[in-house]
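These notes are about the structure you will find just below.
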Amino acid sequence: QVQLVESGGGLVQPGGSLRLSCAASGTIFSINDMRWYRQAPGKERELVAHISRGGSTDYADSVKGRFTISRDNAKNAVYLQMNSLKPEDTAVYYCNAYISTWITKDYWGQGTQVTVSS
């Protein structure tokens with residue numbers, strides 16, 4: 001059974017930083033694309049950042065220059081470094097990964113709350 005577990009969320013003041021982590025566990029053959037999504041209250045879930053297995057990245061316009069996605073393939077982990085946080089970044093952040101086990105499919109973490117407020 002593959003699981004994705006996020007950590008690192010919390011309360012931070014505007015302009016502050018947080019680093020989210022997401023680790024995959026279970027019987028895993030390989031992990032392909034990895035992504036971070038977020039969902040604010042009353043809004044649809046949106047893609048924040050994506051990283052390929054080879055390390056290519058892309059970002060939502062709203063976070064470009066402030067957020068950095070990275071991964072450690074040896075640890076089956078993905079990270080999101082969030083700097084210069086704004087109140088509008090407040091949301092539940094979800095890790096997503098396209099994982100090959102005995103089958104290949106998308107997996108989701110349980111979500112971690114990020115609150116940006118003074």
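Chain identifiers are assigned as A, B, and so on, following the order in which chains appear in the structure tokens; residues are numbered from 1 within each chain, and ligands are numbered from 1 in order of appearance.
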* Considering only C-alpha atoms, return as a PyMOL selection string whatever protein or nucleic-acid residues lie within 10 Å of Lys64 (chain A), sequence-local ones (same chain, fewer than 6 positions apart) excluded. => chain A and resi 48-49+58
Could you write out the selected residues, including N, CA and C atoms, as a PDB file, in the first residue's frame?
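Written out: result20.pdb:
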```pdb
ATOM      1  N   VAL A  48       0.032  24.153  -7.956  1.00  0.00           N
ATOM      2  CA  VAL A  48       1.000  25.156  -7.515  1.00  0.00           C
ATOM      3  C   VAL A  48       2.341  24.961  -8.217  1.00  0.00           C
ATOM      4  N   ALA A  49       2.833  23.727  -8.234  1.00  0.00           N
ATOM      5  CA  ALA A  49       4.150  23.463  -8.811  1.00  0.00           C
ATOM      6  C   ALA A  49       4.240  22.013  -9.235  1.00  0.00           C
ATOM      7  N   ASP A  58       7.866  23.556 -13.226  1.00  0.00           N
ATOM      8  CA  ASP A  58       7.051  24.693 -13.641  1.00  0.00           C
ATOM      9  C   ASP A  58       6.127  25.072 -12.487  1.00  0.00           C
TER      10      ASP A  58
END
```
* **Spatial neighbours of Ala74 (chain A), max dist 12 Å, only C-alpha atoms, sep filter under 3 positions, as a PyMOL selection string** => chain A and resi 23-25+28-31+53+71+77-78
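Here CA of Pro87 (chain A) stands at a distance of 10.6 Å from CA of Leu11 (chain A).
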* From region 28-115 of chain A, collect each residue whose DSSP state is strand (DSSP E or B) and return the set as a ChimeraX atom specification. => /A:30-39,46-51,57-59,67-72,77-82,91-100,104-108,112-115
* Which residues, written as number ranges by chain, have at least one atom at most 9 Å from Asp89 (chain A), with only C-alpha atoms counted and residues fewer than 4 positions away on the same chain left out? -> A: 38, 40, 63, 85, 114-116
* **For Tyr37 (chain A): contacts at 12 Å, only C-alpha atoms, fewer than 3 positions along chain excluded, given as JSON, numbers by chain** => {"A": [6, 20, 34, 40, 44, 45, 46, 47, 48, 49, 50, 59, 60, 63, 69, 80, 89, 91, 92, 93, 94, 95, 96, 97, 108, 109, 110, 111, 112, 113]}
* For Asn76 (chain A), the nearest of the candidates A:Ser118, A:Leu4, A:Gly9, A:Asp106, counting only C-alpha atoms -> A:Leu4
